[in-house]
There are 2 protein chains.
Amino acid sequence: MGVMERVSTRAKKAVELRPELPLDRILKGDCIETMRGLPDKSVDMIFADPPYNLQLGGDLFRPDGSQVDAVDDEWDKFDTFAIYDKFTKAWLKEARRILKDDGTIWVIGSYHNIFRVGTAIQDEGYWILNDIIWRKANPMPNFKGTRFTNAHETLIWASKSEKARYTFNYRAMKTLNDELQMRSDWVMPICGGQERLKRNGTKAHPTQKPEALLYRILLACTKPGDVVLDPFFGTGTTGAVAKRLNRHWIGIEREDNYIEVAEERIAMALPLDESAVVTMQSPRGAPKVPFGTLIENGLLKPGAILTDAKRRWQARVRVDGSLETGSDNGSIHKLGATLQKAPSCNGWTFWHYEDEGGLRPIDTLRQNYLLATQP
Amino acid sequence: MGVMERVSTRAKKAVELRPELPLDRILKGDCIETMRGLPDKSVDMIFADPPYNLQLGGDLFRPDGSQVDAVDDEWDKFDTFAIYDKFTKAWLKEARRILKDDGTIWVIGSYHNIFRVGTAIQDEGYWILNDIIWRKANPMPNFKGTRFTNAHETLIWASKSEKARYTFNYRAMKTLNDELQMRSDWVMPICGGQERLKRNGTKAHPTQKPEALLYRILLACTKPGDVVLDPFFGTGTTGAVAKRLNRHWIGIEREDNYIEVAEERIAMALPLDESAVVTMQSPRGAPKVPFGTLIENGLLKPGAILTDAKRRWQARVRVDGSLETGSDNGSIHKLGATLQKAPSCNGWTFWHYEDEGGLRPIDTLRQNYLLATQP
DNA sequence: TTTATGAATGAATCAACCG
DNA sequence: TCGGTTGATTCATTCATAA
């Protein structure tokens, strides 16, 4: 049996059951090494909170992900950046292999590392969709008064390629933001109070992320049942929120300390019941109703007159669901576009019919039809 | 007559202070080549608005059918990241040579280029002091509903080295911000209205920056009499603001079009009075809290039941902040309106939650959130 | 003269499906 | 893979025109 045959057999199983995927578990080990054990194209989203490479001494990593014990003062910062870059490219490469073709990745960082991460993301072939600013409602002040208060962190959201058809729950985000498009700057408090995990009276992890942040990310870019991988799991914010929102999760973490705290935390998180996890849906996902169906079902009669909202144009409905004016004819969309001299037109909202003393868009008829026929 | 020849003629007049520096003038020519003609360690600050390398696709239309006027100028086109990187490193290297040891550089960009710029800044030996987020008060929406509204741009502020003693007017910034430390996120409107320069009825430059942005930067990081270099001068926002604040400026620009507009503009620039400054810089409007924020932050759980004050209707909260009854769903405002058969409804006062033996409007929760997060 | 309404526009990597 | 069809999609602000 050849290699290719093995691969394709394995791929088939993964699609149906995901047999090799250790769902809802923390894998103990080095980030890159552990990722190597996960199958190709198997997860829907990756959230990564990698080391920030704060240049305060410490936190240096070799390309294999292991930590450098001591910072040699002789090293100049170019060497340091090169090592960080190698590490970054290595884990981003593995992440891209594991990610499904239509999956997306999120990475969070600060000005110390985010530019290098962003460059590596582009160089590895990802396609950046947005950069998102987490604007901290209550940041730590700059005590010395030597700079601007560092009051935000940056996240990068990217797909595997330019043509990928990634998940973005547009309608849910718009609803979450009081019927305005969700912007690229998010105001959220830092993680503190009850939410901040403690051990022996001190914070369990130095950079615990707020659940509100993961909540918005998972709601925006995954569907219930999707698999989310977090290769720098820490105290498991990703896992806790994923569980609450009925998403599967996989965490990778090296330190026993954090694993213990995370497991306890996630065990206590309660999944929401199914009706609460439902979100507002875009019409995109709804079943299509051809205009002709309305005529077949008698909601509109051939010969009926339609107009635009301002009654500038009118057209007559023909038996096959096309429209005609004196000189033009075509589908509801095409004729609307032609008359307005626009490149395109949504005929459902452009054309109106007369009903009890008022004009209504023909989309109303479509909604009525859907209500009457959908289970 | 070449650029340098013109420069040296002018320079004789300023022999004593800065012998070879062509102050308060636009130098026509290529950015890197022209910078080579400027002396070492001679300017106090550099502000740079380089090409973003946007990589746009086809035409984009608004929902109303009108076409978006895209940035399609030749100066923004680069074939590969490698070529863009090479260009970026080259001009940053020259900039660093020209900059005084205690000078600083500002560079603005978007997610298309800012990660590459940031990486190059670090690789060339600069020391990043802050990244600053320009949160646009009125960004262009995402018309197709495919991503988050791209509502910000990023600036990087860096010194020549870690040990540099750069200028930062801490008090001025704190005063400008109502006695609170100036943060790393700045809310400012995009450049439009009277300020937006026109030529033959259309915008003179596709990417003119608001004067408020340069005002804050120059006020924060230079002293009166300092020299500010802008190697991508465009229509001269940097020059106009520098003149108003009594700073010297040097502009480099390749295109005659822009030079003409800039020269006319700067000739007309007058000092701002204090009240105009305050108006321009002060934050506008009270902070908004979308309903979804309460859910993200755990003040209300998905699945919770809300009712109106008289318990005539009830609805269940979903993960995205929408509400559902048995038959309807929508935002707090929309669903309230639907149930009452009213044209509109203030969901904040209409919907209530049960709390210790009484109903309270959900607006109470919003107040609590504001109290907890506002400074 | 003042107010109401409508049109225009901004650094944008902006669709999905079927044959 | 390509091309044609269907039909989904916008916020804040300014300026011109109408009332």
# chains A, B, ... in the order shown; residues from 1 in each chain; ligands from 1

$ calpha_fit_rmsd --fixed "chain A" --moving "chain B"
18.2 Å

$ closest_atom_pairs --of "chain B" --to "chain A" --cutoff "6 Å" --atoms "only C-alpha atoms" --output "Markdown table"
| residue | atom | partner | partner_atom | distance |
| --- | --- | --- | --- | --- |
| B:Gly65 | CA | A:Ala342 | CA | 5.8 |
| B:Phe115 | CA | A:Phe115 | CA | 4.1 |
| B:Arg116 | CA | A:Thr119 | CA | 5.4 |
| B:Gly118 | CA | A:Phe115 | CA | 5.2 |
| B:Thr119 | CA | A:Phe115 | CA | 5.4 |
| B:Phe148 | CA | A:Arg183 | CA | 5.2 |
| B:Thr149 | CA | A:Arg183 | CA | 4.5 |
| B:Asn150 | CA | A:Ser184 | CA | 5.4 |
| B:Ala151 | CA | A:Ser184 | CA | 5.5 |
| B:Met182 | CA | A:Phe148 | CA | 5.6 |
| B:Arg183 | CA | A:Thr149 | CA | 4.5 |
| B:Ser184 | CA | A:Asn150 | CA | 5.4 |
| B:Pro290 | CA | A:Asn177 | CA | 5.2 |
| B:Gly292 | CA | A:Leu176 | CA | 4.3 |
| B:Glu296 | CA | A:Ala212 | CA | 4.7 |
| B:Asn297 | CA | A:Ala212 | CA | 5.5 |
| B:Pro302 | CA | A:Ala276 | CA | 5.4 |
| B:Gly303 | CA | A:Ala276 | CA | 4.9 |
| B:Arg318 | CA | A:Ala276 | CA | 4.3 |
| B:Val319 | CA | A:Val277 | CA | 5.2 |
| B:Asp320 | CA | A:Leu176 | CA | 5.1 |
| B:Gly321 | CA | A:Leu176 | CA | 5.1 |
| B:Thr373 | CA | A:Ala137 | CA | 5.8 |

$ write_last_selection --atoms "N, CA and C atoms" --output "PDB file, in the first residue's frame"
ATOM      1  N   GLY B  65     -25.647  50.903  -5.529  1.00  0.00           N
ATOM      2  CA  GLY B  65     -25.227  50.793  -6.921  1.00  0.00           C
ATOM      3  C   GLY B  65     -24.084  51.703  -7.317  1.00  0.00           C
ATOM      4  N   PHE B 115       2.589  45.432   9.151  1.00  0.00           N
ATOM      5  CA  PHE B 115       3.384  44.379   9.796  1.00  0.00           C
ATOM      6  C   PHE B 115       4.770  44.299   9.165  1.00  0.00           C
ATOM      7  N   ARG B 116       4.804  44.502   7.869  1.00  0.00           N
ATOM      8  CA  ARG B 116       6.100  44.494   7.178  1.00  0.00           C
ATOM      9  C   ARG B 116       6.910  45.735   7.560  1.00  0.00           C
ATOM     10  N   GLY B 118       6.641  47.385  10.401  1.00  0.00           N
ATOM     11  CA  GLY B 118       7.064  47.217  11.792  1.00  0.00           C
ATOM     12  C   GLY B 118       8.265  46.288  11.907  1.00  0.00           C
ATOM     13  N   THR B 119       8.230  45.213  11.172  1.00  0.00           N
ATOM     14  CA  THR B 119       9.364  44.279  11.160  1.00  0.00           C
ATOM     15  C   THR B 119      10.622  44.984  10.665  1.00  0.00           C
ATOM     16  N   PHE B 148     -15.140  42.363   9.299  1.00  0.00           N
ATOM     17  CA  PHE B 148     -15.396  43.453  10.215  1.00  0.00           C
ATOM     18  C   PHE B 148     -15.093  44.772   9.499  1.00  0.00           C
ATOM     19  N   THR B 149     -15.857  45.804   9.808  1.00  0.00           N
ATOM     20  CA  THR B 149     -15.587  47.118   9.237  1.00  0.00           C
ATOM     21  C   THR B 149     -14.154  47.523   9.555  1.00  0.00           C
ATOM     22  N   ASN B 150     -13.371  47.803   8.534  1.00  0.00           N
ATOM     23  CA  ASN B 150     -11.983  48.195   8.752  1.00  0.00           C
ATOM     24  C   ASN B 150     -11.965  49.646   9.244  1.00  0.00           C
ATOM     25  N   ALA B 151     -11.963  49.819  10.551  1.00  0.00           N
ATOM     26  CA  ALA B 151     -12.281  51.120  11.137  1.00  0.00           C
ATOM     27  C   ALA B 151     -11.085  51.812  11.765  1.00  0.00           C
ATOM     28  N   MET B 182      -2.629  60.307  27.990  1.00  0.00           N
ATOM     29  CA  MET B 182      -3.042  60.028  26.613  1.00  0.00           C
ATOM     30  C   MET B 182      -2.805  58.550  26.322  1.00  0.00           C
ATOM     31  N   ARG B 183      -3.838  57.899  25.782  1.00  0.00           N
ATOM     32  CA  ARG B 183      -3.774  56.466  25.511  1.00  0.00           C
ATOM     33  C   ARG B 183      -3.209  56.185  24.125  1.00  0.00           C
ATOM     34  N   SER B 184      -3.055  54.922  23.836  1.00  0.00           N
ATOM     35  CA  SER B 184      -2.507  54.512  22.539  1.00  0.00           C
ATOM     36  C   SER B 184      -3.584  54.389  21.464  1.00  0.00           C
ATOM     37  N   PRO B 290     -23.504  48.401  23.375  1.00  0.00           N
ATOM     38  CA  PRO B 290     -24.462  47.532  22.719  1.00  0.00           C
ATOM     39  C   PRO B 290     -24.965  46.465  23.689  1.00  0.00           C
ATOM     40  N   GLY B 292     -25.262  43.371  23.236  1.00  0.00           N
ATOM     41  CA  GLY B 292     -24.410  42.188  23.174  1.00  0.00           C
ATOM     42  C   GLY B 292     -23.238  42.237  24.145  1.00  0.00           C
ATOM     43  N   GLU B 296     -21.518  39.271  26.462  1.00  0.00           N
ATOM     44  CA  GLU B 296     -20.100  38.910  26.374  1.00  0.00           C
ATOM     45  C   GLU B 296     -19.426  38.999  27.729  1.00  0.00           C
ATOM     46  N   ASN B 297     -19.877  39.929  28.545  1.00  0.00           N
ATOM     47  CA  ASN B 297     -19.233  40.144  29.831  1.00  0.00           C
ATOM     48  C   ASN B 297     -19.953  39.466  30.986  1.00  0.00           C
ATOM     49  N   PRO B 302     -26.898  33.912  28.023  1.00  0.00           N
ATOM     50  CA  PRO B 302     -27.756  33.388  26.958  1.00  0.00           C
ATOM     51  C   PRO B 302     -28.727  32.375  27.568  1.00  0.00           C
ATOM     52  N   GLY B 303     -29.973  32.414  27.150  1.00  0.00           N
ATOM     53  CA  GLY B 303     -30.988  31.539  27.726  1.00  0.00           C
ATOM     54  C   GLY B 303     -31.843  32.243  28.773  1.00  0.00           C
ATOM     55  N   ARG B 318     -30.443  35.083  23.253  1.00  0.00           N
ATOM     56  CA  ARG B 318     -29.564  34.164  22.533  1.00  0.00           C
ATOM     57  C   ARG B 318     -28.114  34.653  22.573  1.00  0.00           C
ATOM     58  N   VAL B 319     -27.193  33.792  22.133  1.00  0.00           N
ATOM     59  CA  VAL B 319     -25.763  34.102  22.278  1.00  0.00           C
ATOM     60  C   VAL B 319     -25.337  35.389  21.600  1.00  0.00           C
ATOM     61  N   ASP B 320     -25.989  35.757  20.510  1.00  0.00           N
ATOM     62  CA  ASP B 320     -25.542  36.942  19.770  1.00  0.00           C
ATOM     63  C   ASP B 320     -26.259  38.212  20.214  1.00  0.00           C
ATOM     64  N   GLY B 321     -27.049  38.106  21.298  1.00  0.00           N
ATOM     65  CA  GLY B 321     -27.723  39.297  21.782  1.00  0.00           C
ATOM     66  C   GLY B 321     -29.065  39.534  21.117  1.00  0.00           C
ATOM     67  N   THR B 373     -16.470  49.999  34.083  1.00  0.00           N
ATOM     68  CA  THR B 373     -15.410  50.099  33.081  1.00  0.00           C
ATOM     69  C   THR B 373     -14.946  51.511  32.769  1.00  0.00           C
TER      70      THR B 373
END

$ atom_distance --atom1 "atom C1' of DC15 of chain D" --atom2 "atom CA of Thr235 of chain B"
22.7 Å

$ atom_distance --atom1 "atom CA of Phe47 of chain A" --atom2 "atom CA of Pro231 of chain A"
7.5 Å

$ interface_residues --of "chain D" --to "chain B" --cutoff "6 Å" --atoms "only C-alpha atoms (C1' of nucleotides)" --output "PyMOL selection string"
chain D and resi 9-12+14

$ write_last_selection --atoms "N, CA, C and O atoms (P, O5', C5', C4', C3', O3' and C1' of nucleotides)" --output "compact mmCIF listing (two decimals), in the first residue's frame"
# COMPACT_ATOMS: atom_id res chain seq x y z
P DT D 9 -27.38 40.11 3.55
O5' DT D 9 -26.73 41.53 3.29
C5' DT D 9 -25.32 41.64 3.22
C4' DT D 9 -24.93 43.01 2.77
C3' DT D 9 -25.82 44.14 3.32
O3' DT D 9 -25.23 44.61 4.53
C1' DT D 9 -25.14 44.50 1.04
P DT D 10 -25.98 45.78 5.37
O5' DT D 10 -25.17 47.04 4.85
C5' DT D 10 -23.77 47.11 5.10
C4' DT D 10 -23.35 48.54 5.30
C3' DT D 10 -24.26 49.33 6.23
O3' DT D 10 -23.73 49.22 7.55
C1' DT D 10 -23.76 50.58 4.23
P DC D 11 -24.61 49.78 8.78
O5' DC D 11 -23.89 51.17 9.07
C5' DC D 11 -22.62 51.17 9.71
C4' DC D 11 -22.11 52.58 9.81
C3' DC D 11 -23.10 53.60 10.36
O3' DC D 11 -22.41 54.35 11.35
C1' DC D 11 -22.19 54.38 8.32
P DA D 12 -23.08 55.39 12.27
O5' DA D 12 -22.25 56.71 11.95
C5' DA D 12 -20.82 56.63 11.92
C4' DA D 12 -20.27 57.87 11.27
C3' DA D 12 -20.90 59.17 11.74
O3' DA D 12 -19.86 60.10 11.98
C1' DA D 12 -21.09 58.99 9.39
P DT D 14 -19.23 66.99 9.09
O5' DT D 14 -19.37 67.33 7.53
C5' DT D 14 -18.47 66.72 6.61
C4' DT D 14 -18.91 67.03 5.21
C3' DT D 14 -19.44 68.47 5.01
O3' DT D 14 -18.87 69.01 3.83
C1' DT D 14 -21.03 66.89 4.26
